There are 2 protein chains.
Amino acid sequence: MSEPQIELVPIGRVHSPLKDLAAAPKQGDEGAPDAWLVLAPDLIGGLRGIAVGDEILVLTWLDRASRDVLEVHPRSDSSRPLQGVFGTRSPDRPNPIGLHRVEVAEIRGGRVRVHRLEALDGTPILDLKPVLSANASQR
Amino acid sequence: MSEPQIELVPIGRVHSPLKDLAAAPKQGDEGAPDAWLVLAPDLIGGLRGIAVGDEILVLTWLDRASRDVLEVHPRSDSSRPLQGVFGTRSPDRPNPIGLHRVEVAEIRGGRVRVHRLEALDGTPILDLKPVLSANASQR
């Protein structure tokens with residue numbers, strides 16, 4: 001089975017006070033700061049209907065990750081046994097897509113401020129999605 | 001800001017009885033069947049530690065989606081007002097990445113059977129991730 005390559009184009013970038021991988025928390029609810037999601041000007045229409053207080057999923061491209069790693073010590077803790085990357089949230093994986101659940105704090109045109117995002121400044125954004133209601137009739 | 005393209009390679013494919021977009025449910029918990037996630041042989045090590053009963057997130061490439069759509073009627077219901085794609089789970093979006101939460105039912109080498117996946121047969125798989133525990137000490 002030969003696999004085609006798939007091409008993505010970032011829809012925007014993260015603007016964050018987090019500049020440094022060593023200083024970044026591993027997950028947003030472990031002390032991450034607010035950040036701005038800055039969308040490409042031609043994609044602002046895609047935000048229509050998103051409101052302050054919404055919970056959204058931000059998909060990012062973890063551009064500083066290693067793509068040839070298949071096993072890691074979870075949370076970089078060498079006392080924990082090696083685990084396959086697909087069973088961990090390690091950024092190192094064949095397709096390093098980050099997944100972040102955040103709350104919308106403010107919207108200004110094509111800029112969306114969100115609470116507690118652990119992505120580094122400059123990280124490309126691939127997609128935004130709503131958190132699904134558990135109740136299918138409310139989707 | 002000129003944006004670089006990002007290249008992904010599928011880590012595997014969905015094998016499913018769902019062959020037809022018109023017959024597919026919109027979400028897994030709306031009547032989707034079991035499916036097999038068939039990993040590329042050189043990536044099987046990435047599954048180490050994943051077990052039957054685990055809840056995982058499957059990221060897919062929705063290769064039949066339109067990438068130039070920015071607004072849709074949610075759930076294709078024309079009585080609902082147009083909404084930006086980033087506020088919906090429409091497959092049509094600039095980077096059509098699908099996100100599916102499923103339970104692992106069976107593992108055989110590089111094949112993982114999961115419950116209730118609404119992705120079509122042949123859909124490329126981009127990544128697998130664990131569902132995060134709400135308790136950071138259990139991550």
# chains A, B, ... in the order shown; residues from 1 in each chain; ligands from 1
$ interface_residues --of "chain A" --to "chain B" --cutoff "8 Å" --atoms "only C-alpha atoms" --output "short mmCIF file (atom, residue, chain, number, x, y, z; two decimals) with all heavy atoms, in the first residue's frame"
data_model
loop_
_atom_site.label_atom_id
_atom_site.label_comp_id
_atom_site.auth_asym_id
_atom_site.auth_seq_id
_atom_site.Cartn_x
_atom_site.Cartn_y
_atom_site.Cartn_z
N GLU A 3 1.36 5.17 0.21
CA GLU A 3 0.51 6.20 0.80
C GLU A 3 0.82 7.55 0.19
O GLU A 3 1.97 7.96 0.10
CB GLU A 3 0.75 6.27 2.31
CG GLU A 3 0.20 5.08 3.06
CD GLU A 3 -1.33 5.04 3.11
OE1 GLU A 3 -1.96 5.89 2.45
OE2 GLU A 3 -1.87 4.18 3.79
N PRO A 4 -0.20 8.27 -0.24
CA PRO A 4 0.02 9.59 -0.78
C PRO A 4 0.37 10.54 0.35
O PRO A 4 0.02 10.32 1.50
CB PRO A 4 -1.35 9.96 -1.34
CG PRO A 4 -2.31 9.22 -0.46
CD PRO A 4 -1.60 7.94 -0.09
N GLN A 5 1.06 11.63 0.03
CA GLN A 5 1.25 12.68 1.02
C GLN A 5 0.03 13.57 1.01
O GLN A 5 -0.66 13.74 0.00
CB GLN A 5 2.51 13.46 0.71
CG GLN A 5 3.73 12.60 0.97
CD GLN A 5 4.90 13.41 1.46
OE1 GLN A 5 5.07 14.56 1.09
NE2 GLN A 5 5.72 12.82 2.29
N ILE A 6 -0.22 14.15 2.17
CA ILE A 6 -1.36 15.04 2.35
C ILE A 6 -0.80 16.40 2.70
O ILE A 6 0.10 16.51 3.53
CB ILE A 6 -2.23 14.49 3.51
CG1 ILE A 6 -2.88 13.18 3.09
CG2 ILE A 6 -3.25 15.52 3.95
CD1 ILE A 6 -3.52 12.43 4.24
N GLU A 7 -1.32 17.43 2.04
CA GLU A 7 -0.78 18.77 2.28
C GLU A 7 -1.76 19.63 3.06
O GLU A 7 -2.92 19.78 2.68
CB GLU A 7 -0.44 19.44 0.95
CG GLU A 7 0.73 18.76 0.28
CD GLU A 7 1.22 19.47 -0.96
OE1 GLU A 7 0.55 20.42 -1.41
OE2 GLU A 7 2.28 19.08 -1.46
N LEU A 8 -1.28 20.18 4.14
CA LEU A 8 -2.07 21.10 4.97
C LEU A 8 -1.49 22.49 4.85
O LEU A 8 -0.29 22.66 4.63
CB LEU A 8 -1.99 20.69 6.44
CG LEU A 8 -2.41 19.28 6.80
CD1 LEU A 8 -2.41 19.13 8.32
CD2 LEU A 8 -3.77 18.97 6.26
N VAL A 9 -2.36 23.48 5.01
CA VAL A 9 -1.89 24.85 5.10
C VAL A 9 -2.42 25.41 6.42
O VAL A 9 -3.61 25.26 6.72
CB VAL A 9 -2.41 25.70 3.92
CG1 VAL A 9 -1.94 27.14 4.04
CG2 VAL A 9 -1.94 25.10 2.61
N PRO A 10 -1.56 26.01 7.24
CA PRO A 10 -2.05 26.55 8.51
C PRO A 10 -3.18 27.55 8.27
O PRO A 10 -3.16 28.32 7.31
CB PRO A 10 -0.83 27.26 9.09
CG PRO A 10 0.34 26.58 8.46
CD PRO A 10 -0.12 26.19 7.08
N ILE A 11 -4.19 27.54 9.15
CA ILE A 11 -5.26 28.53 9.08
C ILE A 11 -4.90 29.77 9.90
O ILE A 11 -5.60 30.77 9.84
CB ILE A 11 -6.62 27.96 9.56
CG1 ILE A 11 -6.57 27.57 11.04
CG2 ILE A 11 -7.03 26.77 8.69
CD1 ILE A 11 -7.95 27.30 11.65
N GLU A 30 -2.49 22.69 33.27
CA GLU A 30 -1.35 22.57 34.19
C GLU A 30 -0.59 23.89 34.24
O GLU A 30 0.63 23.91 34.38
CB GLU A 30 -0.45 21.40 33.76
CG GLU A 30 -1.21 20.06 33.82
CD GLU A 30 -0.41 18.87 33.27
OE1 GLU A 30 0.83 18.93 33.26
OE2 GLU A 30 -1.05 17.88 32.85
N LEU A 43 -9.80 33.66 6.07
CA LEU A 43 -10.54 32.56 6.69
C LEU A 43 -11.41 33.01 7.86
O LEU A 43 -12.01 32.19 8.56
CB LEU A 43 -9.57 31.48 7.19
CG LEU A 43 -8.71 30.84 6.10
CD1 LEU A 43 -7.80 29.79 6.71
CD2 LEU A 43 -9.58 30.21 5.01
N GLY A 45 -14.28 34.29 8.01
CA GLY A 45 -15.67 33.86 7.92
C GLY A 45 -15.94 32.52 8.60
O GLY A 45 -17.05 32.25 9.04
N GLY A 46 -14.92 31.70 8.71
CA GLY A 46 -15.08 30.40 9.35
C GLY A 46 -15.36 30.48 10.84
O GLY A 46 -15.73 29.49 11.46
N LEU A 47 -15.16 31.66 11.43
CA LEU A 47 -15.41 31.84 12.87
C LEU A 47 -16.86 32.18 13.19
O LEU A 47 -17.26 32.18 14.36
CB LEU A 47 -14.54 32.98 13.43
CG LEU A 47 -13.03 32.77 13.41
CD1 LEU A 47 -12.34 34.05 13.87
CD2 LEU A 47 -12.65 31.61 14.31
N ARG A 48 -17.64 32.50 12.16
CA ARG A 48 -19.01 32.99 12.38
C ARG A 48 -19.81 32.05 13.29
O ARG A 48 -19.93 30.86 13.00
CB ARG A 48 -19.69 33.10 11.01
CG ARG A 48 -21.13 33.54 11.05
CD ARG A 48 -21.59 33.78 9.62
NE ARG A 48 -23.02 33.95 9.51
CZ ARG A 48 -23.65 34.27 8.39
NH1 ARG A 48 -22.94 34.45 7.28
NH2 ARG A 48 -24.94 34.41 8.36
N GLY A 49 -20.34 32.60 14.35
CA GLY A 49 -21.14 31.80 15.28
C GLY A 49 -20.39 31.39 16.54
O GLY A 49 -21.01 30.99 17.52
N ILE A 50 -19.06 31.47 16.51
CA ILE A 50 -18.30 31.15 17.73
C ILE A 50 -18.43 32.32 18.70
O ILE A 50 -18.33 33.48 18.30
CB ILE A 50 -16.83 30.84 17.39
CG1 ILE A 50 -16.75 29.56 16.55
CG2 ILE A 50 -15.99 30.71 18.67
CD1 ILE A 50 -15.33 29.17 16.15
N LEU A 70 8.72 6.40 17.93
CA LEU A 70 7.53 5.54 18.09
C LEU A 70 7.25 5.15 19.53
O LEU A 70 6.15 4.73 19.85
CB LEU A 70 7.69 4.26 17.25
CG LEU A 70 7.37 4.40 15.77
CD1 LEU A 70 7.52 3.04 15.10
CD2 LEU A 70 5.96 4.93 15.55
N GLU A 71 8.26 5.26 20.40
CA GLU A 71 8.05 4.93 21.81
C GLU A 71 8.69 6.00 22.67
O GLU A 71 9.77 6.50 22.35
CB GLU A 71 8.67 3.57 22.14
CG GLU A 71 8.02 2.42 21.37
CD GLU A 71 8.47 1.05 21.86
OE1 GLU A 71 9.53 0.95 22.51
OE2 GLU A 71 7.76 0.07 21.59
N ARG A 75 5.26 11.48 29.71
CA ARG A 75 5.56 12.74 30.38
C ARG A 75 7.06 12.90 30.66
O ARG A 75 7.46 13.52 31.63
CB ARG A 75 4.73 12.88 31.65
CG ARG A 75 3.21 12.93 31.31
CD ARG A 75 2.35 13.03 32.52
NE ARG A 75 2.57 14.26 33.24
CZ ARG A 75 2.01 15.42 32.95
NH1 ARG A 75 1.16 15.51 31.94
NH2 ARG A 75 2.27 16.50 33.64
N GLN A 83 6.36 3.55 26.21
CA GLN A 83 5.00 3.33 25.71
C GLN A 83 4.95 3.80 24.26
O GLN A 83 5.66 4.73 23.87
CB GLN A 83 4.02 4.12 26.59
CG GLN A 83 2.59 3.74 26.34
CD GLN A 83 1.66 4.25 27.42
OE1 GLN A 83 2.08 4.92 28.35
NE2 GLN A 83 0.39 3.95 27.28
N GLY A 84 4.09 3.18 23.47
CA GLY A 84 3.91 3.63 22.09
C GLY A 84 3.35 5.04 22.07
O GLY A 84 2.51 5.39 22.90
N VAL A 85 3.83 5.85 21.12
CA VAL A 85 3.40 7.26 21.10
C VAL A 85 1.90 7.40 20.90
O VAL A 85 1.31 8.38 21.38
CB VAL A 85 4.13 8.09 20.01
CG1 VAL A 85 5.60 8.25 20.37
CG2 VAL A 85 3.96 7.48 18.62
N PHE A 86 1.24 6.43 20.26
CA PHE A 86 -0.20 6.58 20.03
C PHE A 86 -1.00 6.39 21.32
O PHE A 86 -2.18 6.74 21.37
CB PHE A 86 -0.68 5.60 18.95
CG PHE A 86 0.01 5.78 17.63
CD1 PHE A 86 0.53 4.69 16.95
CD2 PHE A 86 0.15 7.05 17.07
CE1 PHE A 86 1.18 4.85 15.72
CE2 PHE A 86 0.80 7.21 15.85
CZ PHE A 86 1.31 6.11 15.18
N GLY A 87 -0.35 5.86 22.36
CA GLY A 87 -0.98 5.76 23.67
C GLY A 87 -0.61 6.90 24.61
O GLY A 87 -0.93 6.85 25.79
N THR A 88 0.08 7.92 24.09
CA THR A 88 0.50 9.06 24.90
C THR A 88 0.14 10.36 24.18
O THR A 88 -0.20 10.36 22.99
CB THR A 88 2.02 9.09 25.14
OG1 THR A 88 2.66 9.62 23.97
CG2 THR A 88 2.58 7.70 25.43
N ARG A 89 0.27 11.47 24.91
CA ARG A 89 0.10 12.79 24.31
C ARG A 89 1.45 13.43 23.96
O ARG A 89 1.53 14.64 23.78
CB ARG A 89 -0.70 13.69 25.24
CG ARG A 89 -2.19 13.31 25.35
CD ARG A 89 -2.91 13.55 24.02
NE ARG A 89 -4.34 13.34 24.15
CZ ARG A 89 -5.25 14.34 24.19
NH1 ARG A 89 -4.86 15.60 24.11
NH2 ARG A 89 -6.52 14.06 24.29
N PRO A 94 4.48 10.38 14.42
CA PRO A 94 4.65 10.53 12.96
C PRO A 94 4.02 11.79 12.38
O PRO A 94 4.61 12.45 11.53
CB PRO A 94 4.02 9.25 12.41
CG PRO A 94 4.22 8.23 13.50
CD PRO A 94 4.04 9.00 14.78
N ASN A 95 2.81 12.11 12.83
CA ASN A 95 2.15 13.36 12.41
C ASN A 95 1.87 14.18 13.67
O ASN A 95 0.86 13.97 14.34
CB ASN A 95 0.85 13.06 11.67
CG ASN A 95 1.08 12.38 10.33
OD1 ASN A 95 1.90 12.81 9.53
ND2 ASN A 95 0.35 11.29 10.09
N ILE A 97 0.33 16.37 15.43
CA ILE A 97 -0.82 17.26 15.53
C ILE A 97 -1.15 17.41 17.02
O ILE A 97 -1.32 16.42 17.72
CB ILE A 97 -2.03 16.67 14.78
CG1 ILE A 97 -1.71 16.51 13.30
CG2 ILE A 97 -3.28 17.54 14.98
CD1 ILE A 97 -2.78 15.76 12.51
N LEU A 126 -4.09 24.35 12.70
CA LEU A 126 -4.61 23.58 11.57
C LEU A 126 -6.13 23.64 11.47
O LEU A 126 -6.70 23.59 10.38
CB LEU A 126 -4.20 22.11 11.69
CG LEU A 126 -2.70 21.84 11.73
CD1 LEU A 126 -2.45 20.35 11.86
CD2 LEU A 126 -2.03 22.40 10.47
N ASP A 127 -6.80 23.71 12.63
CA ASP A 127 -8.27 23.63 12.60
C ASP A 127 -8.79 24.05 13.97
O ASP A 127 -8.07 24.01 14.97
CB ASP A 127 -8.70 22.18 12.30
CG ASP A 127 -10.14 22.04 11.80
OD1 ASP A 127 -10.80 23.07 11.52
OD2 ASP A 127 -10.61 20.89 11.69
N LEU A 128 -10.05 24.47 13.98
CA LEU A 128 -10.82 24.72 15.20
C LEU A 128 -12.11 23.94 15.07
O LEU A 128 -12.71 23.90 13.99
CB LEU A 128 -11.15 26.20 15.35
CG LEU A 128 -9.99 27.19 15.30
CD1 LEU A 128 -10.54 28.62 15.38
CD2 LEU A 128 -9.01 26.95 16.44
N LYS A 129 -12.55 23.33 16.18
CA LYS A 129 -13.79 22.57 16.18
C LYS A 129 -14.52 22.83 17.50
O LYS A 129 -13.88 23.03 18.52
CB LYS A 129 -13.51 21.06 16.12
CG LYS A 129 -12.84 20.57 14.87
CD LYS A 129 -12.68 19.05 14.95
CE LYS A 129 -11.80 18.52 13.82
NZ LYS A 129 -12.40 18.68 12.50
N PRO A 130 -15.86 22.76 17.48
CA PRO A 130 -16.57 22.85 18.75
C PRO A 130 -16.43 21.54 19.53
O PRO A 130 -16.26 20.47 18.93
CB PRO A 130 -18.03 23.05 18.31
CG PRO A 130 -18.12 22.37 16.97
CD PRO A 130 -16.76 22.57 16.33
N ALA A 136 -27.07 14.35 21.26
CA ALA A 136 -27.04 14.51 19.81
C ALA A 136 -28.07 15.52 19.31
O ALA A 136 -27.87 16.17 18.27
CB ALA A 136 -27.26 13.16 19.12
N ARG A 139 -26.71 19.13 18.71
CA ARG A 139 -25.54 19.36 17.85
C ARG A 139 -25.88 20.27 16.69
O ARG A 139 -27.03 20.39 16.32
CB ARG A 139 -25.00 18.02 17.36
CG ARG A 139 -24.37 17.27 18.50
CD ARG A 139 -23.94 15.86 18.11
NE ARG A 139 -23.44 15.19 19.31
CZ ARG A 139 -23.26 13.87 19.40
NH1 ARG A 139 -23.52 13.09 18.38
NH2 ARG A 139 -22.81 13.34 20.52
#
$ select_by_dssp --residues "chain A" --states "strand (DSSP E or B)" --output "PyMOL selection string"
chain A and resi 6-8+12-15+35-39+55-61+71-72+83-84+97-108+111-114+124-130
$ write_last_selection --atoms "C-alpha atoms" --output "compact mmCIF listing (two decimals), in the first residue's frame"
# COMPACT_ATOMS: atom_id res chain seq x y z
CA ILE A 6 -1.36 15.04 2.35
CA GLU A 7 -0.78 18.77 2.28
CA LEU A 8 -2.07 21.10 4.97
CA GLY A 12 -3.38 30.84 11.46
CA ARG A 13 -0.83 31.05 14.25
CA VAL A 14 -0.74 31.02 18.03
CA HIS A 15 0.43 34.25 19.67
CA ALA A 35 -3.08 33.01 24.10
CA TRP A 36 -4.41 34.57 20.90
CA LEU A 37 -5.38 32.48 17.89
CA VAL A 38 -4.67 34.75 14.92
CA LEU A 39 -6.47 33.55 11.80
CA GLU A 55 -15.41 25.43 24.59
CA ILE A 56 -13.45 24.67 21.43
CA LEU A 57 -10.79 22.26 20.26
CA VAL A 58 -7.67 23.78 18.72
CA LEU A 59 -5.66 21.52 16.41
CA THR A 60 -2.08 22.67 15.98
CA TRP A 61 1.03 21.57 14.13
CA GLU A 71 8.05 4.93 21.81
CA VAL A 72 8.52 7.38 24.68
CA GLN A 83 5.00 3.33 25.71
CA GLY A 84 3.91 3.63 22.09
CA ILE A 97 -0.82 17.26 15.53
CA GLY A 98 -1.57 18.93 18.87
CA LEU A 99 -5.07 18.82 20.34
CA HIS A 100 -6.03 21.45 22.91
CA ARG A 101 -9.39 21.99 24.60
CA VAL A 102 -9.81 25.65 25.55
CA GLU A 103 -12.45 28.24 26.40
CA VAL A 104 -12.98 31.32 24.22
CA ALA A 105 -12.31 34.48 26.26
CA GLU A 106 -12.54 37.24 23.63
CA ILE A 107 -13.04 37.66 19.88
CA ARG A 108 -11.76 40.63 17.87
CA ARG A 111 -8.24 37.10 16.57
CA VAL A 112 -9.61 34.78 19.25
CA ARG A 113 -8.25 34.90 22.79
CA VAL A 114 -8.48 31.59 24.64
CA PRO A 124 0.70 26.88 13.28
CA ILE A 125 -3.02 26.27 13.77
CA LEU A 126 -4.61 23.58 11.57
CA ASP A 127 -8.27 23.63 12.60
CA LEU A 128 -10.82 24.72 15.20
CA LYS A 129 -13.79 22.57 16.18
CA PRO A 130 -16.57 22.85 18.75
$ residues_around --residues "B:Arg116" --least-positions-apart "5" --cutoff "6 Å" --atoms "only C-alpha atoms" --output "list in words"
Gly28, Ala32, Pro33 and Asp34 of chain B
$ residues_around --residues "A:Arg64" --least-positions-apart "6" --cutoff "10 Å" --atoms "only C-alpha atoms" --output "list in words"
Leu21, Pro91, Asp92, Pro96, Leu120 and Thr123 of chain A
$ select_by_dssp --residues "chain B" --states "helix (DSSP H, G or I)" --output "list in words"
Leu21, Ala22, Ala23, Gly28, Asp29, Glu30, Pro41, Asp42, Leu43, Ile44, Gly45, Gly46, Leu47, Pro74, Arg75, Ser76, Val85, Phe86, Gly87, Ala136, Ser137 and Gln138 of chain B
$ atom_distance --atom1 "atom CA of A:Leu62" --atom2 "atom CA of A:Ser78"
22.3 Å
$ residues_around --residues "A:Ala22" --least-positions-apart "5" --cutoff "12 Å" --atoms "only C-alpha atoms" --output "VMD selection string"
chain A and resid 76 118 to 120
$ write_last_selection --atoms "N, CA, C and O atoms" --output "short mmCIF file (atom, residue, chain, number, x, y, z; two decimals), in the first residue's frame"
data_model
loop_
_atom_site.label_atom_id
_atom_site.label_comp_id
_atom_site.auth_asym_id
_atom_site.auth_seq_id
_atom_site.Cartn_x
_atom_site.Cartn_y
_atom_site.Cartn_z
N SER A 76 7.89 12.32 29.77
CA SER A 76 9.35 12.42 29.87
C SER A 76 9.88 11.93 31.21
O SER A 76 10.94 12.36 31.67
N GLU A 118 -1.38 25.61 26.01
CA GLU A 118 0.04 25.29 26.27
C GLU A 118 0.90 25.32 25.01
O GLU A 118 2.09 25.02 25.06
N ALA A 119 0.32 25.70 23.85
CA ALA A 119 1.12 25.75 22.61
C ALA A 119 2.07 26.95 22.64
O ALA A 119 1.75 28.00 23.18
N LEU A 120 3.23 26.77 22.03
CA LEU A 120 4.24 27.83 22.00
C LEU A 120 3.87 28.92 21.00
O LEU A 120 3.15 28.69 20.03
#
$ decode --residues "stretch 95-120 of chain B" --atoms "N, CA, C and O atoms" --output "PDB file, in the first residue's frame"
ATOM      1  N   ASN B  95      -8.695  22.431   6.382  1.00  0.00           N
ATOM      2  CA  ASN B  95      -7.916  21.212   6.619  1.00  0.00           C
ATOM      3  C   ASN B  95      -8.868  20.164   7.191  1.00  0.00           C
ATOM      4  O   ASN B  95      -9.122  20.135   8.398  1.00  0.00           O
ATOM      5  N   PRO B  96      -9.415  19.309   6.340  1.00  0.00           N
ATOM      6  CA  PRO B  96     -10.475  18.399   6.786  1.00  0.00           C
ATOM      7  C   PRO B  96      -9.960  17.219   7.610  1.00  0.00           C
ATOM      8  O   PRO B  96      -9.867  16.091   7.132  1.00  0.00           O
ATOM      9  N   ILE B  97      -9.631  17.537   8.855  1.00  0.00           N
ATOM     10  CA  ILE B  97      -9.184  16.519   9.804  1.00  0.00           C
ATOM     11  C   ILE B  97     -10.398  16.070  10.613  1.00  0.00           C
ATOM     12  O   ILE B  97     -11.094  16.897  11.193  1.00  0.00           O
ATOM     13  N   GLY B  98     -10.658  14.779  10.615  1.00  0.00           N
ATOM     14  CA  GLY B  98     -11.752  14.228  11.408  1.00  0.00           C
ATOM     15  C   GLY B  98     -11.272  13.833  12.788  1.00  0.00           C
ATOM     16  O   GLY B  98     -10.131  13.386  12.952  1.00  0.00           O
ATOM     17  N   LEU B  99     -12.129  13.995  13.782  1.00  0.00           N
ATOM     18  CA  LEU B  99     -11.781  13.665  15.163  1.00  0.00           C
ATOM     19  C   LEU B  99     -12.880  12.770  15.715  1.00  0.00           C
ATOM     20  O   LEU B  99     -14.041  13.170  15.742  1.00  0.00           O
ATOM     21  N   HIS B 100     -12.496  11.574  16.138  1.00  0.00           N
ATOM     22  CA  HIS B 100     -13.466  10.556  16.519  1.00  0.00           C
ATOM     23  C   HIS B 100     -13.054   9.954  17.863  1.00  0.00           C
ATOM     24  O   HIS B 100     -11.928   9.475  17.992  1.00  0.00           O
ATOM     25  N   ARG B 101     -13.958   9.960  18.811  1.00  0.00           N
ATOM     26  CA  ARG B 101     -13.683   9.334  20.108  1.00  0.00           C
ATOM     27  C   ARG B 101     -14.303   7.947  20.112  1.00  0.00           C
ATOM     28  O   ARG B 101     -15.513   7.815  19.911  1.00  0.00           O
ATOM     29  N   VAL B 102     -13.484   6.935  20.310  1.00  0.00           N
ATOM     30  CA  VAL B 102     -13.963   5.553  20.213  1.00  0.00           C
ATOM     31  C   VAL B 102     -13.356   4.702  21.321  1.00  0.00           C
ATOM     32  O   VAL B 102     -12.365   5.076  21.945  1.00  0.00           O
ATOM     33  N   GLU B 103     -13.943   3.515  21.507  1.00  0.00           N
ATOM     34  CA  GLU B 103     -13.435   2.553  22.488  1.00  0.00           C
ATOM     35  C   GLU B 103     -12.761   1.395  21.760  1.00  0.00           C
ATOM     36  O   GLU B 103     -13.297   0.893  20.768  1.00  0.00           O
ATOM     37  N   VAL B 104     -11.604   0.987  22.270  1.00  0.00           N
ATOM     38  CA  VAL B 104     -10.872  -0.138  21.674  1.00  0.00           C
ATOM     39  C   VAL B 104     -11.569  -1.442  22.045  1.00  0.00           C
ATOM     40  O   VAL B 104     -11.787  -1.730  23.226  1.00  0.00           O
ATOM     41  N   ALA B 105     -11.910  -2.244  21.020  1.00  0.00           N
ATOM     42  CA  ALA B 105     -12.638  -3.493  21.244  1.00  0.00           C
ATOM     43  C   ALA B 105     -11.731  -4.712  21.119  1.00  0.00           C
ATOM     44  O   ALA B 105     -11.995  -5.757  21.722  1.00  0.00           O
ATOM     45  N   GLU B 106     -10.657  -4.601  20.335  1.00  0.00           N
ATOM     46  CA  GLU B 106      -9.828  -5.780  20.030  1.00  0.00           C
ATOM     47  C   GLU B 106      -8.529  -5.273  19.397  1.00  0.00           C
ATOM     48  O   GLU B 106      -8.551  -4.283  18.666  1.00  0.00           O
ATOM     49  N   ILE B 107      -7.428  -5.958  19.683  1.00  0.00           N
ATOM     50  CA  ILE B 107      -6.145  -5.599  19.066  1.00  0.00           C
ATOM     51  C   ILE B 107      -5.507  -6.878  18.534  1.00  0.00           C
ATOM     52  O   ILE B 107      -5.380  -7.858  19.275  1.00  0.00           O
ATOM     53  N   ARG B 108      -5.138  -6.872  17.261  1.00  0.00           N
ATOM     54  CA  ARG B 108      -4.447  -8.025  16.648  1.00  0.00           C
ATOM     55  C   ARG B 108      -3.269  -7.493  15.873  1.00  0.00           C
ATOM     56  O   ARG B 108      -3.430  -7.074  14.722  1.00  0.00           O
ATOM     57  N   GLY B 109      -2.082  -7.493  16.500  1.00  0.00           N
ATOM     58  CA  GLY B 109      -0.905  -6.952  15.823  1.00  0.00           C
ATOM     59  C   GLY B 109      -1.127  -5.491  15.524  1.00  0.00           C
ATOM     60  O   GLY B 109      -1.402  -4.692  16.417  1.00  0.00           O
ATOM     61  N   GLY B 110      -1.046  -5.138  14.248  1.00  0.00           N
ATOM     62  CA  GLY B 110      -1.220  -3.741  13.873  1.00  0.00           C
ATOM     63  C   GLY B 110      -2.638  -3.378  13.473  1.00  0.00           C
ATOM     64  O   GLY B 110      -2.851  -2.358  12.821  1.00  0.00           O
ATOM     65  N   ARG B 111      -3.590  -4.213  13.885  1.00  0.00           N
ATOM     66  CA  ARG B 111      -4.993  -3.937  13.582  1.00  0.00           C
ATOM     67  C   ARG B 111      -5.745  -3.733  14.885  1.00  0.00           C
ATOM     68  O   ARG B 111      -5.664  -4.548  15.796  1.00  0.00           O
ATOM     69  N   VAL B 112      -6.474  -2.626  14.962  1.00  0.00           N
ATOM     70  CA  VAL B 112      -7.216  -2.282  16.178  1.00  0.00           C
ATOM     71  C   VAL B 112      -8.685  -2.157  15.811  1.00  0.00           C
ATOM     72  O   VAL B 112      -9.060  -1.307  14.994  1.00  0.00           O
ATOM     73  N   ARG B 113      -9.528  -2.984  16.437  1.00  0.00           N
ATOM     74  CA  ARG B 113     -10.970  -2.846  16.201  1.00  0.00           C
ATOM     75  C   ARG B 113     -11.532  -1.865  17.226  1.00  0.00           C
ATOM     76  O   ARG B 113     -11.206  -1.947  18.407  1.00  0.00           O
ATOM     77  N   VAL B 114     -12.347  -0.934  16.753  1.00  0.00           N
ATOM     78  CA  VAL B 114     -12.948   0.061  17.644  1.00  0.00           C
ATOM     79  C   VAL B 114     -14.463   0.055  17.442  1.00  0.00           C
ATOM     80  O   VAL B 114     -14.966  -0.297  16.373  1.00  0.00           O
ATOM     81  N   HIS B 115     -15.168   0.471  18.483  1.00  0.00           N
ATOM     82  CA  HIS B 115     -16.621   0.554  18.423  1.00  0.00           C
ATOM     83  C   HIS B 115     -17.045   1.897  17.821  1.00  0.00           C
ATOM     84  O   HIS B 115     -16.420   2.922  18.078  1.00  0.00           O
ATOM     85  N   ARG B 116     -18.117   1.861  17.051  1.00  0.00           N
ATOM     86  CA  ARG B 116     -18.864   3.057  16.675  1.00  0.00           C
ATOM     87  C   ARG B 116     -17.992   4.155  16.044  1.00  0.00           C
ATOM     88  O   ARG B 116     -17.838   5.243  16.578  1.00  0.00           O
ATOM     89  N   LEU B 117     -17.409   3.842  14.895  1.00  0.00           N
ATOM     90  CA  LEU B 117     -16.624   4.830  14.148  1.00  0.00           C
ATOM     91  C   LEU B 117     -17.375   5.184  12.869  1.00  0.00           C
ATOM     92  O   LEU B 117     -17.705   4.298  12.070  1.00  0.00           O
ATOM     93  N   GLU B 118     -17.608   6.501  12.655  1.00  0.00           N
ATOM     94  CA  GLU B 118     -18.413   6.912  11.504  1.00  0.00           C
ATOM     95  C   GLU B 118     -17.581   7.207  10.257  1.00  0.00           C
ATOM     96  O   GLU B 118     -18.135   7.634   9.240  1.00  0.00           O
ATOM     97  N   ALA B 119     -16.253   6.955  10.306  1.00  0.00           N
ATOM     98  CA  ALA B 119     -15.420   7.213   9.132  1.00  0.00           C
ATOM     99  C   ALA B 119     -15.682   6.153   8.055  1.00  0.00           C
ATOM    100  O   ALA B 119     -15.933   4.985   8.358  1.00  0.00           O
ATOM    101  N   LEU B 120     -15.581   6.569   6.801  1.00  0.00           N
ATOM    102  CA  LEU B 120     -15.817   5.655   5.678  1.00  0.00           C
ATOM    103  C   LEU B 120     -14.643   4.704   5.466  1.00  0.00           C
ATOM    104  O   LEU B 120     -13.500   5.017   5.803  1.00  0.00           O
TER     105      LEU B 120
END
